[in-house]
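Engineer: Following this line is query07.txt, made up of compact mmCIF, N, CA and C atoms:
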```txt
# COMPACT_ATOMS: atom_id res chain seq x y z
N MET A 1 108.93 133.90 125.31
CA MET A 1 108.02 133.05 126.07
C MET A 1 108.53 131.61 126.01
N PRO A 2 108.64 130.93 127.15
CA PRO A 2 109.16 129.56 127.15
C PRO A 2 108.19 128.58 126.51
N TYR A 3 108.76 127.52 125.95
CA TYR A 3 107.98 126.46 125.32
C TYR A 3 107.23 125.67 126.39
N VAL A 4 105.95 125.46 126.21
CA VAL A 4 105.15 124.66 127.12
C VAL A 4 104.50 123.55 126.31
N LYS A 5 104.76 122.30 126.70
CA LYS A 5 104.21 121.15 125.99
C LYS A 5 102.69 121.09 126.18
N THR A 6 102.01 120.62 125.14
CA THR A 6 100.57 120.39 125.20
C THR A 6 100.33 118.89 125.12
N TYR A 7 99.58 118.36 126.06
CA TYR A 7 99.20 116.94 126.04
C TYR A 7 97.75 116.83 125.59
N LYS A 8 97.52 115.91 124.66
CA LYS A 8 96.17 115.63 124.18
C LYS A 8 95.61 114.47 124.99
N LEU A 9 94.48 114.70 125.65
CA LEU A 9 93.93 113.70 126.55
C LEU A 9 92.54 113.24 126.11
N PHE A 10 92.33 111.95 126.18
CA PHE A 10 90.99 111.40 126.04
C PHE A 10 90.50 111.16 127.46
N ILE A 11 89.33 111.69 127.79
CA ILE A 11 88.74 111.49 129.11
C ILE A 11 87.46 110.69 128.92
N SER A 12 87.35 109.57 129.62
CA SER A 12 86.14 108.75 129.49
C SER A 12 84.93 109.55 129.96
N HIS A 13 83.80 109.25 129.35
CA HIS A 13 82.58 110.00 129.67
C HIS A 13 81.38 109.18 129.22
N ALA A 14 80.23 109.59 129.61
CA ALA A 14 78.99 108.93 129.19
C ALA A 14 78.16 109.92 128.37
N TRP A 15 78.83 110.62 127.47
CA TRP A 15 78.23 111.64 126.62
C TRP A 15 77.61 112.74 127.46
N ALA A 16 78.25 113.00 128.57
CA ALA A 16 77.84 114.10 129.44
C ALA A 16 78.99 114.40 130.38
N ALA A 17 79.12 115.65 130.76
CA ALA A 17 80.15 116.04 131.71
C ALA A 17 79.57 115.91 133.11
N ASP A 18 79.89 114.80 133.78
CA ASP A 18 79.35 114.57 135.12
C ASP A 18 80.29 115.15 136.18
N GLU A 19 79.99 114.86 137.43
CA GLU A 19 80.76 115.41 138.56
C GLU A 19 82.24 115.02 138.48
N ASP A 20 82.54 113.74 138.21
CA ASP A 20 83.93 113.31 138.10
C ASP A 20 84.64 114.01 136.94
N TYR A 21 83.97 114.10 135.83
CA TYR A 21 84.55 114.76 134.65
C TYR A 21 84.88 116.21 134.98
N ASN A 22 83.93 116.92 135.55
CA ASN A 22 84.14 118.33 135.88
C ASN A 22 85.25 118.51 136.92
N ARG A 23 85.32 117.62 137.89
CA ARG A 23 86.37 117.67 138.91
C ARG A 23 87.74 117.46 138.27
N LEU A 24 87.82 116.53 137.33
CA LEU A 24 89.09 116.28 136.64
C LEU A 24 89.50 117.49 135.80
N ILE A 25 88.56 118.10 135.12
CA ILE A 25 88.87 119.31 134.34
C ILE A 25 89.41 120.41 135.24
N GLU A 26 88.83 120.57 136.42
CA GLU A 26 89.31 121.58 137.37
C GLU A 26 90.76 121.29 137.77
N LEU A 27 91.07 120.02 138.03
CA LEU A 27 92.46 119.65 138.37
C LEU A 27 93.39 119.94 137.20
N LEU A 28 92.97 119.58 136.01
CA LEU A 28 93.81 119.82 134.83
C LEU A 28 94.05 121.32 134.62
N ASN A 29 93.07 122.13 134.94
CA ASN A 29 93.24 123.58 134.82
C ASN A 29 94.26 124.12 135.81
N ASP A 30 94.50 123.38 136.90
CA ASP A 30 95.46 123.81 137.91
C ASP A 30 96.89 123.35 137.61
N VAL A 31 97.07 122.50 136.61
CA VAL A 31 98.42 122.05 136.23
C VAL A 31 99.15 123.23 135.61
N GLN A 32 100.37 123.48 136.09
CA GLN A 32 101.14 124.62 135.61
C GLN A 32 102.23 124.25 134.60
N SER A 33 102.68 122.99 134.60
CA SER A 33 103.86 122.63 133.80
C SER A 33 103.57 122.26 132.36
N PHE A 34 102.30 122.13 131.99
CA PHE A 34 101.96 121.85 130.60
C PHE A 34 100.53 122.29 130.31
N LYS A 35 100.21 122.32 129.03
CA LYS A 35 98.85 122.65 128.61
C LYS A 35 98.13 121.34 128.26
N VAL A 36 96.81 121.41 128.21
CA VAL A 36 96.00 120.23 127.93
C VAL A 36 95.02 120.56 126.81
N ARG A 37 94.87 119.60 125.92
CA ARG A 37 93.82 119.66 124.90
C ARG A 37 92.98 118.40 125.06
N ILE A 38 91.70 118.56 125.28
CA ILE A 38 90.81 117.41 125.47
C ILE A 38 90.35 116.92 124.10
N CYS A 39 90.59 115.64 123.83
CA CYS A 39 90.21 115.05 122.54
C CYS A 39 88.85 114.37 122.59
N SER A 40 88.35 114.07 123.76
CA SER A 40 87.05 113.41 123.87
C SER A 40 85.94 114.44 123.74
N ASP A 41 84.84 114.02 123.18
CA ASP A 41 83.73 114.91 122.88
C ASP A 41 82.52 114.52 123.72
N THR A 42 82.29 115.23 124.81
CA THR A 42 81.15 114.92 125.67
C THR A 42 79.84 115.42 125.08
N GLN A 43 79.90 116.24 124.06
CA GLN A 43 78.68 116.81 123.48
C GLN A 43 78.05 115.90 122.43
N HIS A 44 78.78 114.89 122.00
CA HIS A 44 78.25 113.99 120.98
C HIS A 44 77.10 113.19 121.57
N ASP A 45 75.97 113.24 120.94
CA ASP A 45 74.78 112.56 121.44
C ASP A 45 74.61 111.23 120.71
N PRO A 46 74.79 110.12 121.42
CA PRO A 46 74.69 108.83 120.74
C PRO A 46 73.30 108.55 120.18
N ALA A 47 72.30 109.22 120.69
CA ALA A 47 70.94 108.99 120.20
C ALA A 47 70.81 109.44 118.74
N ILE A 48 71.60 110.43 118.35
CA ILE A 48 71.54 110.93 116.98
C ILE A 48 71.91 109.82 116.00
N ASP A 49 72.89 109.00 116.36
CA ASP A 49 73.36 107.95 115.49
C ASP A 49 72.65 106.62 115.72
N ASP A 50 71.62 106.62 116.53
CA ASP A 50 70.88 105.41 116.85
C ASP A 50 71.82 104.26 117.18
N PRO A 51 72.37 104.26 118.40
CA PRO A 51 73.35 103.25 118.78
C PRO A 51 72.78 101.83 118.79
N GLU A 52 71.46 101.71 118.66
CA GLU A 52 70.86 100.38 118.61
C GLU A 52 71.02 99.75 117.22
N SER A 53 71.28 100.58 116.22
CA SER A 53 71.45 100.05 114.87
C SER A 53 72.92 99.69 114.65
N VAL A 54 73.17 98.78 113.75
CA VAL A 54 74.54 98.37 113.43
C VAL A 54 75.33 99.56 112.91
N THR A 55 74.72 100.34 112.04
CA THR A 55 75.40 101.51 111.47
C THR A 55 75.70 102.55 112.54
N GLY A 56 74.73 102.82 113.40
CA GLY A 56 74.94 103.79 114.47
C GLY A 56 76.03 103.36 115.43
N LEU A 57 76.04 102.09 115.78
CA LEU A 57 77.07 101.55 116.68
C LEU A 57 78.45 101.69 116.04
N GLN A 58 78.54 101.37 114.77
CA GLN A 58 79.83 101.48 114.07
C GLN A 58 80.30 102.94 114.01
N LYS A 59 79.37 103.87 113.78
CA LYS A 59 79.73 105.29 113.74
C LYS A 59 80.27 105.74 115.09
N LEU A 60 79.61 105.32 116.16
CA LEU A 60 80.07 105.71 117.50
C LEU A 60 81.43 105.12 117.82
N LYS A 61 81.63 103.86 117.45
CA LYS A 61 82.95 103.24 117.68
C LYS A 61 84.03 103.97 116.90
N TRP A 62 83.74 104.30 115.65
CA TRP A 62 84.71 105.01 114.84
C TRP A 62 85.03 106.38 115.45
N HIS A 63 83.99 107.08 115.88
CA HIS A 63 84.14 108.40 116.49
C HIS A 63 85.04 108.31 117.73
N MET A 64 84.78 107.33 118.58
CA MET A 64 85.58 107.16 119.78
C MET A 64 87.00 106.72 119.44
N SER A 65 87.13 105.82 118.50
CA SER A 65 88.45 105.35 118.07
C SER A 65 89.31 106.52 117.59
N ASP A 66 88.72 107.39 116.80
CA ASP A 66 89.44 108.55 116.28
C ASP A 66 89.89 109.48 117.40
N GLN A 67 89.05 109.66 118.41
CA GLN A 67 89.40 110.51 119.54
C GLN A 67 90.55 109.92 120.34
N VAL A 68 90.50 108.61 120.60
CA VAL A 68 91.58 107.95 121.34
C VAL A 68 92.87 108.00 120.54
N ARG A 69 92.78 107.73 119.25
CA ARG A 69 93.97 107.70 118.38
C ARG A 69 94.72 109.03 118.40
N SER A 70 94.00 110.11 118.51
CA SER A 70 94.65 111.43 118.49
C SER A 70 95.17 111.86 119.86
N SER A 71 95.03 111.01 120.87
CA SER A 71 95.41 111.37 122.24
C SER A 71 96.80 110.89 122.60
N ASN A 72 97.38 111.55 123.62
CA ASN A 72 98.64 111.09 124.19
C ASN A 72 98.41 110.07 125.30
N CYS A 73 97.28 110.17 126.00
CA CYS A 73 96.89 109.17 127.00
C CYS A 73 95.39 109.30 127.26
N ALA A 74 94.85 108.27 127.89
CA ALA A 74 93.41 108.25 128.19
C ALA A 74 93.20 108.14 129.69
N LEU A 75 92.30 108.93 130.22
CA LEU A 75 91.96 108.90 131.64
C LEU A 75 90.58 108.27 131.77
N ILE A 76 90.51 107.20 132.56
CA ILE A 76 89.29 106.41 132.66
C ILE A 76 88.74 106.48 134.08
N PHE A 77 87.44 106.71 134.18
CA PHE A 77 86.77 106.72 135.48
C PHE A 77 86.28 105.30 135.78
N PRO A 78 86.70 104.71 136.90
CA PRO A 78 86.26 103.35 137.24
C PRO A 78 84.75 103.19 137.33
N ARG A 79 84.04 104.22 137.75
CA ARG A 79 82.58 104.12 137.84
C ARG A 79 81.97 103.87 136.46
N LEU A 80 82.57 104.45 135.43
CA LEU A 80 82.07 104.23 134.08
C LEU A 80 82.37 102.81 133.61
N PHE A 81 83.41 102.22 134.17
CA PHE A 81 83.71 100.83 133.83
C PHE A 81 82.55 99.94 134.29
N ASP A 82 81.95 100.31 135.40
CA ASP A 82 80.80 99.55 135.91
C ASP A 82 79.51 99.88 135.14
N THR A 83 79.27 101.16 134.91
CA THR A 83 77.99 101.57 134.32
C THR A 83 77.97 101.56 132.79
N HIS A 84 79.12 101.73 132.17
CA HIS A 84 79.22 101.76 130.71
C HIS A 84 80.36 100.82 130.27
N ASN A 85 80.28 99.60 130.73
CA ASN A 85 81.33 98.61 130.51
C ASN A 85 81.65 98.40 129.03
N PHE A 86 80.64 98.31 128.20
CA PHE A 86 80.83 98.09 126.77
C PHE A 86 81.74 99.15 126.16
N TRP A 87 81.45 100.41 126.47
CA TRP A 87 82.23 101.51 125.90
C TRP A 87 83.61 101.63 126.54
N THR A 88 83.69 101.42 127.84
CA THR A 88 84.98 101.50 128.51
C THR A 88 85.93 100.43 127.98
N LYS A 89 85.42 99.24 127.75
CA LYS A 89 86.26 98.19 127.17
C LYS A 89 86.73 98.59 125.77
N HIS A 90 85.89 99.28 125.03
CA HIS A 90 86.31 99.75 123.71
C HIS A 90 87.40 100.82 123.83
N ILE A 91 87.28 101.70 124.80
CA ILE A 91 88.33 102.72 125.00
C ILE A 91 89.65 102.02 125.26
N ILE A 92 89.66 101.04 126.15
CA ILE A 92 90.89 100.31 126.47
C ILE A 92 91.41 99.58 125.24
N TYR A 93 90.52 98.96 124.48
CA TYR A 93 90.92 98.29 123.24
C TYR A 93 91.57 99.28 122.27
N PHE A 94 90.95 100.45 122.08
CA PHE A 94 91.53 101.45 121.18
C PHE A 94 92.88 101.94 121.70
N CYS A 95 93.00 102.09 123.00
CA CYS A 95 94.30 102.47 123.58
C CYS A 95 95.37 101.44 123.21
N GLN A 96 95.04 100.17 123.38
CA GLN A 96 95.99 99.11 123.04
C GLN A 96 96.32 99.14 121.55
N MET A 97 95.32 99.33 120.73
CA MET A 97 95.49 99.34 119.29
C MET A 97 96.41 100.48 118.82
N TYR A 98 96.29 101.64 119.45
CA TYR A 98 97.05 102.82 119.01
C TYR A 98 98.25 103.14 119.90
N GLY A 99 98.52 102.32 120.89
CA GLY A 99 99.67 102.57 121.77
C GLY A 99 99.48 103.76 122.69
N VAL A 100 98.24 104.00 123.09
CA VAL A 100 97.91 105.09 124.00
C VAL A 100 97.75 104.49 125.40
N ALA A 101 98.38 105.11 126.39
CA ALA A 101 98.32 104.58 127.76
C ALA A 101 96.96 104.86 128.40
N PRO A 102 96.25 103.80 128.83
CA PRO A 102 95.03 104.03 129.61
C PRO A 102 95.40 104.18 131.09
N LEU A 103 94.95 105.26 131.70
CA LEU A 103 95.20 105.52 133.12
C LEU A 103 93.85 105.56 133.83
N SER A 104 93.78 104.96 135.01
CA SER A 104 92.54 104.97 135.76
C SER A 104 92.60 106.01 136.86
N MET A 105 91.53 106.76 137.00
CA MET A 105 91.42 107.65 138.14
C MET A 105 91.09 106.78 139.35
N ALA A 106 91.59 107.17 140.52
CA ALA A 106 91.38 106.41 141.74
C ALA A 106 89.92 106.47 142.18
N LEU A 107 89.50 105.42 142.84
CA LEU A 107 88.17 105.41 143.46
C LEU A 107 88.26 106.08 144.83
N PRO A 108 87.18 106.65 145.32
CA PRO A 108 87.22 107.31 146.63
C PRO A 108 87.47 106.32 147.76
N GLY A 109 88.12 106.81 148.79
CA GLY A 109 88.32 106.00 149.99
C GLY A 109 89.26 104.83 149.81
N GLY A 110 90.08 104.86 148.78
CA GLY A 110 91.04 103.79 148.57
C GLY A 110 90.42 102.48 148.10
N GLU A 111 89.17 102.54 147.63
CA GLU A 111 88.54 101.33 147.10
C GLU A 111 89.39 100.76 145.97
N GLU A 112 89.36 99.45 145.83
CA GLU A 112 90.11 98.81 144.76
C GLU A 112 89.36 98.92 143.44
N LEU A 113 90.14 99.01 142.37
CA LEU A 113 89.55 99.05 141.04
C LEU A 113 88.96 97.69 140.70
N PRO A 114 87.99 97.65 139.82
CA PRO A 114 87.54 96.36 139.32
C PRO A 114 88.76 95.63 138.73
N PRO A 115 88.95 94.35 139.04
CA PRO A 115 90.16 93.64 138.60
C PRO A 115 90.42 93.73 137.10
N GLU A 116 89.39 93.65 136.30
CA GLU A 116 89.58 93.71 134.84
C GLU A 116 90.13 95.07 134.41
N LEU A 117 89.72 96.12 135.09
CA LEU A 117 90.23 97.45 134.79
C LEU A 117 91.66 97.60 135.31
N ALA A 118 91.91 97.11 136.50
CA ALA A 118 93.23 97.25 137.12
C ALA A 118 94.34 96.63 136.27
N ILE A 119 94.07 95.49 135.66
CA ILE A 119 95.14 94.83 134.89
C ILE A 119 95.32 95.45 133.51
N LYS A 120 94.38 96.28 133.06
CA LYS A 120 94.48 96.85 131.72
C LYS A 120 94.90 98.32 131.70
N THR A 121 95.06 98.92 132.87
CA THR A 121 95.50 100.31 132.91
C THR A 121 96.95 100.38 133.38
N LYS A 122 97.65 101.40 132.94
CA LYS A 122 99.07 101.55 133.25
C LYS A 122 99.31 102.03 134.68
N ALA A 123 98.38 102.83 135.20
CA ALA A 123 98.57 103.41 136.53
C ALA A 123 97.22 103.87 137.07
N VAL A 124 97.17 104.02 138.39
CA VAL A 124 96.02 104.61 139.06
C VAL A 124 96.44 106.01 139.48
N VAL A 125 95.64 106.99 139.10
CA VAL A 125 95.96 108.38 139.33
C VAL A 125 95.11 108.90 140.48
N ASP A 126 95.77 109.43 141.52
CA ASP A 126 95.05 110.03 142.64
C ASP A 126 94.43 111.36 142.22
N TRP A 127 93.43 111.78 142.98
CA TRP A 127 92.70 113.01 142.67
C TRP A 127 93.41 114.23 143.23
N ASN A 128 94.62 114.48 142.74
CA ASN A 128 95.34 115.71 143.08
C ASN A 128 96.21 116.09 141.90
N VAL A 129 96.57 117.35 141.83
CA VAL A 129 97.32 117.89 140.69
C VAL A 129 98.66 117.17 140.52
N GLU A 130 99.36 116.92 141.62
CA GLU A 130 100.69 116.32 141.53
C GLU A 130 100.65 114.92 140.90
N SER A 131 99.72 114.09 141.36
CA SER A 131 99.59 112.74 140.83
C SER A 131 99.17 112.76 139.36
N LEU A 132 98.23 113.61 139.04
CA LEU A 132 97.73 113.74 137.68
C LEU A 132 98.85 114.21 136.74
N GLU A 133 99.54 115.23 137.15
CA GLU A 133 100.63 115.80 136.36
C GLU A 133 101.73 114.76 136.12
N ALA A 134 102.13 114.05 137.16
CA ALA A 134 103.19 113.05 137.04
C ALA A 134 102.78 111.90 136.12
N ALA A 135 101.56 111.42 136.26
CA ALA A 135 101.10 110.30 135.44
C ALA A 135 101.01 110.69 133.97
N ILE A 136 100.48 111.85 133.68
CA ILE A 136 100.37 112.29 132.29
C ILE A 136 101.76 112.42 131.67
N LYS A 137 102.69 113.01 132.39
CA LYS A 137 104.05 113.16 131.87
C LYS A 137 104.72 111.80 131.66
N GLU A 138 104.54 110.90 132.62
CA GLU A 138 105.22 109.61 132.54
C GLU A 138 104.65 108.69 131.47
N TYR A 139 103.36 108.67 131.31
CA TYR A 139 102.74 107.65 130.45
C TYR A 139 102.27 108.15 129.08
N SER A 140 102.33 109.44 128.85
CA SER A 140 101.86 109.93 127.55
C SER A 140 102.80 109.49 126.44
N THR A 141 102.18 109.13 125.33
CA THR A 141 102.94 108.75 124.15
C THR A 141 103.05 109.94 123.23
N THR A 142 104.07 109.91 122.41
CA THR A 142 104.25 110.98 121.44
C THR A 142 103.33 110.73 120.26
N ARG A 143 102.61 111.72 119.87
CA ARG A 143 101.68 111.62 118.74
C ARG A 143 102.05 112.68 117.72
N LEU A 144 101.83 112.37 116.47
CA LEU A 144 102.00 113.38 115.44
C LEU A 144 101.08 114.53 115.75
N GLY A 145 101.60 115.73 115.63
CA GLY A 145 100.78 116.90 115.88
C GLY A 145 100.79 117.33 117.33
N ALA A 146 101.39 116.54 118.22
CA ALA A 146 101.48 116.96 119.63
C ALA A 146 102.56 118.02 119.73
N THR A 147 102.32 119.02 120.54
CA THR A 147 103.29 120.08 120.69
C THR A 147 103.80 120.14 122.09
```
As a first step, turn the structure in this file into structure tokens.

Structural biologist:
Amino acid sequence: MPYVKTYKLFISHAWAADEDYNRLIELLNDVQSFKVRICSDTQHDPAIDDPESVTGLQKLKWHMSDQVRSSNCALIFPRLFDTHNFWTKHIIYFCQMYGVAPLSMALPGGEELPPELAIKTKAVVDWNVESLEAAIKEYSTTRLGAT
């Protein structure tokens, strides 16, 4: 059986698998040239850790930091940059801290990314298998434990 590389991906989320998240997973399932392991945890409920408390906020940041650190690249939804700006900025910060490439998924209809997001991501990925596959291969960093 031939060797097939596995890429570990962090996918931005709002602690729920929404339409964009599910659409991206479907595209990733159609990629034939490599396997994917998702490092982000959409099932983690921030309410459990009381994100309003200092301790809860720190726990959530640590949890997210650990997920990004173990990834080869991060895929960010621009809509979450607008609706969950605090967390999206932290994802980008963790990417910079750990040398993980942040990639932005394209907005529909060719809309431009928010300028702050555009200058902090390595590439904009179109919503098709070819673009997704090429970006992941080009921008993924080597991580210990990646196969």

Engineer: Restricting the calculation to only C-alpha atoms, which member of A:Thr88, A:Ser104, A:Asn72, A:Asn22 is positioned closest to Leu9 in chain A?

Structural biologist: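 Among the listed residues, the smallest separation from Leu9 in chain A belongs to A:Asn72.
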
Engineer: Please return as an mmCIF file with N, CA and C atoms, in the coordinates of the input every residue within 6 Å of (89.7, 110.4, 128.4), taking into account only N, CA and C atoms and the file's own coordinates.

Structural biologist:
```cif
data_model
loop_
_atom_site.group_PDB
_atom_site.id
_atom_site.type_symbol
_atom_site.label_atom_id
_atom_site.label_comp_id
_atom_site.auth_asym_id
_atom_site.auth_seq_id
_atom_site.Cartn_x
_atom_site.Cartn_y
_atom_site.Cartn_z
ATOM 1 N N LEU A 9 94.480 114.700 125.650
ATOM 2 C CA LEU A 9 93.930 113.700 126.550
ATOM 3 C C LEU A 9 92.540 113.240 126.110
ATOM 4 N N PHE A 10 92.330 111.950 126.180
ATOM 5 C CA PHE A 10 90.990 111.400 126.040
ATOM 6 C C PHE A 10 90.500 111.160 127.460
ATOM 7 N N ILE A 11 89.330 111.690 127.790
ATOM 8 C CA ILE A 11 88.740 111.490 129.110
ATOM 9 C C ILE A 11 87.460 110.690 128.920
ATOM 10 N N SER A 12 87.350 109.570 129.620
ATOM 11 C CA SER A 12 86.140 108.750 129.490
ATOM 12 C C SER A 12 84.930 109.550 129.960
ATOM 13 N N CYS A 73 97.280 110.170 126.000
ATOM 14 C CA CYS A 73 96.890 109.170 127.000
ATOM 15 C C CYS A 73 95.390 109.300 127.260
ATOM 16 N N ALA A 74 94.850 108.270 127.890
ATOM 17 C CA ALA A 74 93.410 108.250 128.190
ATOM 18 C C ALA A 74 93.200 108.140 129.690
ATOM 19 N N LEU A 75 92.300 108.930 130.220
ATOM 20 C CA LEU A 75 91.960 108.900 131.640
ATOM 21 C C LEU A 75 90.580 108.270 131.770
ATOM 22 N N ILE A 76 90.510 107.200 132.560
ATOM 23 C CA ILE A 76 89.290 106.410 132.660
ATOM 24 C C ILE A 76 88.740 106.480 134.080
#
```

Engineer: Rounded to one decimal place, report the CA of Thr6 in chain A-atom N of Trp62 in chain A distance in Å.

Structural biologist: 25.2 Å

Engineer: With all atoms listed in the file as the basis for distance, which of A:Asn85, A:Ser71, A:Thr55, A:Ser131 is at the shortest distance from Ile38 in chain A?

Structural biologist: A:Ser71

Engineer: So that I can check the secondary structure, give me every residue of range 19-91 of chain A assigned strand (DSSP E or B) by backbone DSSP, as a list in words.

Structural biologist: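 Answer for range 19-91 of chain A, restricted to strand (DSSP E or B): Lys35, Val36, Arg37, Ile38, Cys73, Ala74, Leu75 and Ile76 of chain A.
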
Engineer: Would you work out the distance separating CA of Glu130 in chain A from CA of Leu80 in chain A, expressed in Å to one decimal?

Structural biologist: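 CA of Leu80 in chain A lies at a distance of 23.4 Å from CA of Glu130 in chain A.
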
Engineer: Hey, can you check how far atom N of Glu19 in chain A sits from atom C of Phe77 in chain A?

Structural biologist: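 Atom-to-atom, atom N of Glu19 in chain A and atom C of Phe77 in chain A are spaced 11.6 Å apart.
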
Engineer: Which residue is closest to Val124 in chain A? Choose from A:Lys8, A:Arg23, A:His84, A:Leu107 and count all atoms listed in the file.

Structural biologist: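 Of A:Lys8, A:Arg23, A:His84, A:Leu107, the one nearest Val124 in chain A is A:Leu107, counting all atoms listed in the file.
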
Engineer: Any chance you could tabulate, as JSON lines, the residues of range 1-113 of chain A at most 8 Å from range 133-138 of chain A with each one's nearest atom pair and distance in Å to one decimal, using all atoms listed in the file, in chain and rising number order?

Structural biologist:
```
{"residue": "A:Tyr7", "atom": "CA", "partner": "A:Ile136", "partner_atom": "C", "distance": 7.7}
{"residue": "A:Leu27", "atom": "C", "partner": "A:Glu133", "partner_atom": "N", "distance": 7.7}
{"residue": "A:Leu28", "atom": "CA", "partner": "A:Glu133", "partner_atom": "N", "distance": 7.7}
{"residue": "A:Val31", "atom": "CA", "partner": "A:Glu133", "partner_atom": "CA", "distance": 6.6}
{"residue": "A:Gln32", "atom": "N", "partner": "A:Glu133", "partner_atom": "CA", "distance": 7.7}
{"residue": "A:Ser33", "atom": "N", "partner": "A:Glu133", "partner_atom": "CA", "distance": 7.7}
{"residue": "A:Phe34", "atom": "N", "partner": "A:Glu133", "partner_atom": "CA", "distance": 7.9}
{"residue": "A:Asn72", "atom": "C", "partner": "A:Ile136", "partner_atom": "C", "distance": 7.6}
{"residue": "A:Cys73", "atom": "CA", "partner": "A:Ile136", "partner_atom": "CA", "distance": 7.1}
{"residue": "A:Leu103", "atom": "CA", "partner": "A:Ala135", "partner_atom": "C", "distance": 7.8}
```

Engineer: Please return, as an NGL selection string, all residues of chain A that DSSP assigns to alpha helix (DSSP H) on the basis of the backbone.

Structural biologist: :A and (19-30 or 54-69 or 78-83 or 85-98 or 115-118 or 129-139)

Engineer: Could you name the residues that touch Ala106 in chain A at 8 Å or less, counting only N, CA and C atoms, but leaving out those on the same chain fewer than 6 positions away, as an mmCIF file with N, CA and C atoms, keeping the file's coordinate frame?

Structural biologist:
```cif
data_model
loop_
_atom_site.group_PDB
_atom_site.id
_atom_site.type_symbol
_atom_site.label_atom_id
_atom_site.label_comp_id
_atom_site.auth_asym_id
_atom_site.auth_seq_id
_atom_site.Cartn_x
_atom_site.Cartn_y
_atom_site.Cartn_z
ATOM 1 N N ILE A 76 90.510 107.200 132.560
ATOM 2 C CA ILE A 76 89.290 106.410 132.660
ATOM 3 C C ILE A 76 88.740 106.480 134.080
ATOM 4 N N PHE A 77 87.440 106.710 134.180
ATOM 5 C CA PHE A 77 86.770 106.720 135.480
ATOM 6 C C PHE A 77 86.280 105.300 135.780
ATOM 7 N N PRO A 78 86.700 104.710 136.900
ATOM 8 C CA PRO A 78 86.260 103.350 137.240
ATOM 9 C C PRO A 78 84.750 103.190 137.330
ATOM 10 N N ARG A 79 84.040 104.220 137.750
ATOM 11 C CA ARG A 79 82.580 104.120 137.840
ATOM 12 C C ARG A 79 81.970 103.870 136.460
ATOM 13 N N GLU A 112 89.360 99.450 145.830
ATOM 14 C CA GLU A 112 90.110 98.810 144.760
ATOM 15 C C GLU A 112 89.360 98.920 143.440
ATOM 16 N N LEU A 113 90.140 99.010 142.370
ATOM 17 C CA LEU A 113 89.550 99.050 141.040
ATOM 18 C C LEU A 113 88.960 97.690 140.700
ATOM 19 N N ALA A 123 98.380 102.830 135.200
ATOM 20 C CA ALA A 123 98.570 103.410 136.530
ATOM 21 C C ALA A 123 97.220 103.870 137.070
ATOM 22 N N VAL A 124 97.170 104.020 138.390
ATOM 23 C CA VAL A 124 96.020 104.610 139.060
ATOM 24 C C VAL A 124 96.440 106.010 139.480
ATOM 25 N N VAL A 125 95.640 106.990 139.100
ATOM 26 C CA VAL A 125 95.960 108.380 139.330
ATOM 27 C C VAL A 125 95.110 108.900 140.480
ATOM 28 N N ASP A 126 95.770 109.430 141.520
ATOM 29 C CA ASP A 126 95.050 110.030 142.640
ATOM 30 C C ASP A 126 94.430 111.360 142.220
ATOM 31 N N TRP A 127 93.430 111.780 142.980
ATOM 32 C CA TRP A 127 92.700 113.010 142.670
ATOM 33 C C TRP A 127 93.410 114.230 143.230
#
```

Engineer: For range 104-115 of chain A in the structure I just supplied, write out N, CA and C atoms - as a CSV table (one decimal), in the first residue's frame.

Structural biologist:
```csv
chain,number,residue,atom,x,y,z
A,104,SER,N,-7.2,31.6,4.8
A,104,SER,CA,-8.6,32.0,4.9
A,104,SER,C,-9.4,31.4,3.8
A,105,MET,N,-10.6,30.9,4.1
A,105,MET,CA,-11.5,30.4,3.1
A,105,MET,C,-12.1,31.6,2.4
A,106,ALA,N,-12.4,31.5,1.1
A,106,ALA,CA,-12.9,32.7,0.3
A,106,ALA,C,-14.3,33.0,0.8
A,107,LEU,N,-14.6,34.3,0.6
A,107,LEU,CA,-16.0,34.7,0.8
A,107,LEU,C,-16.8,34.5,-0.5
A,108,PRO,N,-18.1,34.3,-0.4
A,108,PRO,CA,-18.9,34.0,-1.6
A,108,PRO,C,-18.9,35.2,-2.5
A,109,GLY,N,-19.1,35.0,-3.8
A,109,GLY,CA,-19.2,36.1,-4.7
A,109,GLY,C,-18.0,36.9,-4.9
A,110,GLY,N,-16.8,36.4,-4.5
A,110,GLY,CA,-15.6,37.2,-4.7
A,110,GLY,C,-15.5,38.4,-3.8
A,111,GLU,N,-16.3,38.4,-2.7
A,111,GLU,CA,-16.2,39.5,-1.7
A,111,GLU,C,-14.8,39.6,-1.2
A,112,GLU,N,-14.3,40.8,-0.8
A,112,GLU,CA,-13.0,40.9,-0.3
A,112,GLU,C,-13.0,40.6,1.2
A,113,LEU,N,-11.9,40.0,1.7
A,113,LEU,CA,-11.7,39.7,3.1
A,113,LEU,C,-11.6,41.0,3.9
A,114,PRO,N,-12.0,40.9,5.2
A,114,PRO,CA,-11.7,42.0,6.0
A,114,PRO,C,-10.2,42.3,5.9
A,115,PRO,N,-9.8,43.6,5.8
A,115,PRO,CA,-8.4,43.9,5.6
A,115,PRO,C,-7.5,43.3,6.7
```
